[in-house]
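The next block is protein30.tsv, given as TSV, C-alpha atoms.
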```tsv
chain	number	residue	atom	x	y	z
D	1	MET	CA	-161.85	-30.31	-1.26
D	2	LYS	CA	-165.30	-31.70	-0.37
D	3	LYS	CA	-164.44	-35.02	-2.06
D	4	GLY	CA	-161.24	-35.30	-0.03
D	5	ILE	CA	-163.04	-34.66	3.25
D	6	LEU	CA	-165.77	-37.16	2.35
D	7	ILE	CA	-163.18	-39.82	1.45
D	8	ILE	CA	-161.31	-39.30	4.73
D	9	LEU	CA	-164.54	-39.33	6.73
D	10	PHE	CA	-165.78	-42.47	4.97
D	11	SER	CA	-162.40	-44.20	5.56
D	12	ILE	CA	-162.45	-43.42	9.28
D	13	ILE	CA	-166.03	-44.67	9.67
D	14	SER	CA	-165.37	-47.90	7.76
D	15	ILE	CA	-162.17	-48.63	9.70
D	16	ASN	CA	-163.95	-48.12	13.04
D	17	PHE	CA	-166.90	-50.23	11.92
D	18	SER	CA	-164.70	-53.13	10.78
D	19	GLN	CA	-162.69	-53.10	14.01
D	20	SER	CA	-165.80	-53.07	16.20
D	21	GLN	CA	-167.11	-56.37	14.82
D	22	ASP	CA	-166.15	-59.34	17.00
D	23	LYS	CA	-164.56	-62.33	15.36
D	24	ILE	CA	-166.48	-65.54	16.06
D	25	LYS	CA	-164.15	-68.30	17.17
D	26	PHE	CA	-165.12	-71.42	15.29
D	27	LYS	CA	-163.69	-74.83	16.03
D	28	PRO	CA	-165.06	-77.97	14.37
D	29	GLY	CA	-166.27	-80.58	16.80
D	30	ILE	CA	-169.17	-81.96	18.83
D	31	LYS	CA	-170.54	-80.82	22.16
D	32	LEU	CA	-173.04	-82.84	24.20
D	33	ILE	CA	-175.84	-80.45	25.16
D	34	GLU	CA	-178.38	-82.82	26.68
D	35	ASN	CA	-178.25	-86.45	27.77
D	36	ASN	CA	-181.42	-87.71	29.46
D	37	PHE	CA	-181.03	-91.31	28.27
D	38	LYS	CA	-182.15	-93.58	31.13
D	39	THR	CA	-179.33	-95.77	32.41
D	40	GLU	CA	-181.51	-98.89	32.69
D	41	TYR	CA	-181.82	-98.94	28.89
D	42	ILE	CA	-178.11	-98.68	28.14
D	43	ASN	CA	-176.87	-101.45	25.83
D	44	PRO	CA	-180.22	-102.41	24.26
D	45	GLU	CA	-180.56	-105.51	22.09
D	46	SER	CA	-181.91	-103.60	19.06
D	47	ILE	CA	-182.57	-100.02	17.94
D	48	LEU	CA	-184.49	-98.74	14.94
D	49	PHE	CA	-183.27	-95.28	13.93
D	50	VAL	CA	-185.92	-93.21	12.15
D	51	PHE	CA	-184.42	-90.27	10.26
D	52	ASN	CA	-186.62	-87.27	9.48
D	53	VAL	CA	-185.26	-86.22	6.06
D	54	VAL	CA	-186.10	-82.58	5.27
D	55	GLY	CA	-184.66	-80.56	2.39
D	56	CYS	CA	-181.31	-81.71	1.11
D	57	GLU	CA	-180.31	-83.81	4.16
D	58	ALA	CA	-180.53	-87.21	2.43
D	59	ASN	CA	-176.77	-87.58	1.97
D	60	TYR	CA	-176.23	-86.54	5.58
D	61	TYR	CA	-178.53	-89.22	7.00
D	62	VAL	CA	-177.28	-91.96	4.66
D	63	ASP	CA	-173.71	-91.20	5.73
D	64	LEU	CA	-174.69	-91.01	9.42
D	65	ALA	CA	-176.44	-94.40	9.12
D	66	LYS	CA	-173.32	-95.91	7.56
D	67	ASN	CA	-171.15	-94.61	10.42
D	68	LEU	CA	-173.61	-95.72	13.11
D	69	LYS	CA	-173.82	-99.19	11.58
D	70	LYS	CA	-170.03	-99.46	11.63
D	71	ARG	CA	-169.84	-98.34	15.29
D	72	PHE	CA	-172.65	-100.59	16.54
D	73	LYS	CA	-171.15	-103.61	14.73
D	74	LYS	CA	-168.58	-103.73	17.56
D	75	SER	CA	-171.34	-103.95	20.19
D	76	ASN	CA	-174.13	-106.48	20.73
D	77	THR	CA	-176.81	-104.02	19.62
D	78	LYS	CA	-178.59	-104.66	16.32
D	79	VAL	CA	-179.36	-101.42	14.42
D	80	LYS	CA	-181.52	-100.72	11.37
D	81	PHE	CA	-182.63	-97.50	9.72
D	82	ASN	CA	-185.93	-96.12	8.39
D	83	TYR	CA	-186.27	-92.83	6.56
D	84	GLU	CA	-189.28	-90.52	6.82
D	85	ILE	CA	-189.06	-88.51	3.61
D	86	ASN	CA	-190.38	-84.94	3.74
D	87	THR	CA	-188.61	-83.68	0.62
D	88	THR	CA	-188.35	-84.10	-3.11
D	89	LEU	CA	-184.59	-83.47	-3.15
D	90	GLU	CA	-182.04	-86.30	-3.31
D	91	ILE	CA	-184.71	-88.97	-2.67
D	92	GLU	CA	-183.05	-91.39	-5.09
D	93	GLN	CA	-180.22	-91.84	-2.55
D	94	ILE	CA	-182.49	-92.83	0.33
D	95	PRO	CA	-182.94	-96.59	0.91
D	96	LYS	CA	-186.54	-97.65	0.32
D	97	LYS	CA	-186.62	-100.67	2.64
D	98	LYS	CA	-188.75	-100.18	5.76
D	99	TYR	CA	-188.37	-102.20	8.94
D	100	SER	CA	-191.21	-103.01	11.32
D	101	LYS	CA	-191.00	-101.09	14.59
D	102	ASN	CA	-192.26	-104.14	16.50
D	103	ASP	CA	-189.05	-106.07	15.77
D	104	PHE	CA	-186.94	-103.71	17.90
D	105	GLU	CA	-186.52	-102.94	21.58
D	106	LEU	CA	-186.05	-99.17	21.12
D	107	ILE	CA	-186.91	-96.68	18.43
D	108	CYS	CA	-184.83	-93.53	18.02
D	109	PHE	CA	-186.26	-90.52	16.18
D	110	VAL	CA	-183.42	-88.46	14.68
D	111	SER	CA	-183.70	-84.90	13.40
D	112	THR	CA	-181.64	-81.74	13.00
D	113	SER	CA	-182.50	-78.26	14.24
D	114	ASN	CA	-181.03	-74.77	14.59
D	115	MET	CA	-179.14	-75.04	11.31
D	116	ASN	CA	-176.74	-72.11	10.87
D	117	SER	CA	-174.42	-71.63	7.96
D	118	TRP	CA	-172.10	-68.80	7.09
D	119	ASP	CA	-169.23	-68.07	4.71
D	120	ASN	CA	-171.19	-69.90	2.01
D	121	HIS	CA	-169.10	-68.21	-0.66
D	122	LEU	CA	-166.01	-70.04	0.61
D	123	ILE	CA	-165.83	-73.63	-0.54
D	124	GLU	CA	-163.15	-74.96	1.79
D	125	LYS	CA	-163.93	-72.97	4.94
D	126	ARG	CA	-167.75	-72.76	4.89
D	127	LYS	CA	-168.94	-73.07	8.49
D	128	GLN	CA	-171.94	-75.10	9.66
D	129	ASN	CA	-173.51	-75.27	13.11
D	130	TYR	CA	-176.55	-77.39	13.98
D	131	ASN	CA	-178.13	-79.57	16.65
D	132	LEU	CA	-178.63	-83.30	16.19
D	133	ASN	CA	-181.66	-84.40	18.23
D	134	LEU	CA	-182.33	-88.03	19.20
D	135	ILE	CA	-185.49	-89.02	21.05
D	136	PHE	CA	-185.71	-92.62	22.30
D	137	GLU	CA	-188.93	-94.53	22.80
D	138	LYS	CA	-189.51	-98.02	24.17
D	139	ILE	CA	-191.56	-99.98	21.63
D	140	SER	CA	-193.57	-102.13	24.03
D	141	THR	CA	-194.89	-99.25	26.18
D	142	LYS	CA	-194.43	-96.21	23.86
D	143	GLU	CA	-192.64	-94.63	26.83
D	144	ASN	CA	-190.18	-91.83	26.14
D	145	ILE	CA	-186.95	-93.07	27.73
D	146	GLY	CA	-184.58	-90.28	26.89
D	147	LYS	CA	-183.26	-87.54	24.70
D	148	ILE	CA	-179.77	-86.79	23.47
D	149	THR	CA	-178.89	-83.48	21.84
D	150	LEU	CA	-175.53	-82.80	20.21
D	151	ASN	CA	-174.33	-79.39	19.02
D	152	ILE	CA	-172.11	-79.88	16.00
D	153	ASN	CA	-169.68	-77.47	14.30
D	154	SER	CA	-168.30	-78.52	10.93
D	155	TYR	CA	-166.47	-77.10	7.96
D	156	TYR	CA	-167.59	-77.48	4.36
D	157	THR	CA	-170.70	-79.70	4.83
D	158	ILE	CA	-172.62	-81.11	7.76
D	159	ILE	CA	-171.36	-84.61	6.90
D	160	THR	CA	-167.77	-83.96	8.00
D	161	GLN	CA	-168.46	-84.66	11.71
D	162	ASN	CA	-170.54	-87.85	11.24
D	163	LYS	CA	-167.71	-90.17	12.32
D	164	ASN	CA	-167.25	-88.30	15.58
D	165	SER	CA	-170.97	-87.96	16.30
D	166	SER	CA	-171.62	-91.66	15.63
D	167	LYS	CA	-168.73	-92.57	17.94
D	168	LEU	CA	-170.13	-90.41	20.75
D	169	LEU	CA	-173.67	-91.74	20.26
D	170	CYS	CA	-172.47	-95.34	20.37
D	171	GLU	CA	-170.58	-94.65	23.60
D	172	LEU	CA	-173.64	-93.02	25.19
D	173	ILE	CA	-176.07	-95.78	24.17
D	174	THR	CA	-173.93	-98.88	24.80
```
Taking this structure as input, can you express it in the form of structure tokens?
Amino acid sequence: MKKGILIILFSIISINFSQSQDKIKFKPGIKLIENNFKTEYINPESILFVFNVVGCEANYYVDLAKNLKKRFKKSNTKVKFNYEINTTLEIEQIPKKKYSKNDFELICFVSTSNMNSWDNHLIEKRKQNYNLNLIFEKISTKENIGKITLNINSYYTIITQNKNSSKLLCELIT
């Protein structure tokens, strides 16, 4: 009798607890959070992107660089990429060539922040949310000329939204 009452009581509590949890609506995509890029610097002649590689983000930044290069090829802006390596993971995939900052009009420091991941046990529907931060600096004066922050939702890995983020960044900069 006691077991039956405990089972019924446990069932009622677990049903109420599972119904009280809110479902998080998750839609993959990109949202522009901050755009303080000064309009007088739109469509620069050249930009050096400096990626801050931390942890296992090497593949992410290499793929982002590939997509940015493809997007900027259609504009008159020359782009190159340097990698600041702060990891021992995946470093064999990072290009070793370094470009001189003095050869460019703008330098853009790129990093990620607020990385959230859930449903890691699901391969196809693992959810990722993070911010992509870009801080622009004019080489000649070392003046900070703007910041762009994107909030990105993606399924499976953080790479899946690189095409869309590079397209938005190219539109904002050129």
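Each of D:Leu172, D:Lys167, D:Pro28, D:Ile85 was checked against Lys69 in chain D using all atoms listed in the file; the smallest atom-to-atom distance is that of D:Lys167.
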Distance query 12 Å from (-187.2, -90.5, 20.0) using all atoms listed in the file, result as an MDAnalysis selection string
chainID D and resid 36:37 47:52 106:111 132:139 142:149
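Each of D:Val62, D:Cys56, D:Leu150, D:Ile42 was checked against Ser113 in chain D using only C-alpha atoms; the smallest atom-to-atom distance is that of D:Leu150.
Checking D:Gln93, D:Asn67, D:Asn59, D:Thr39 one by one against Ser166 in chain D, counting only C-alpha atoms, you find the shortest gap at D:Asn67.
We find CA of Lys101 in chain D and CA of Tyr61 in chain D to be spaced 18.8 Å apart.
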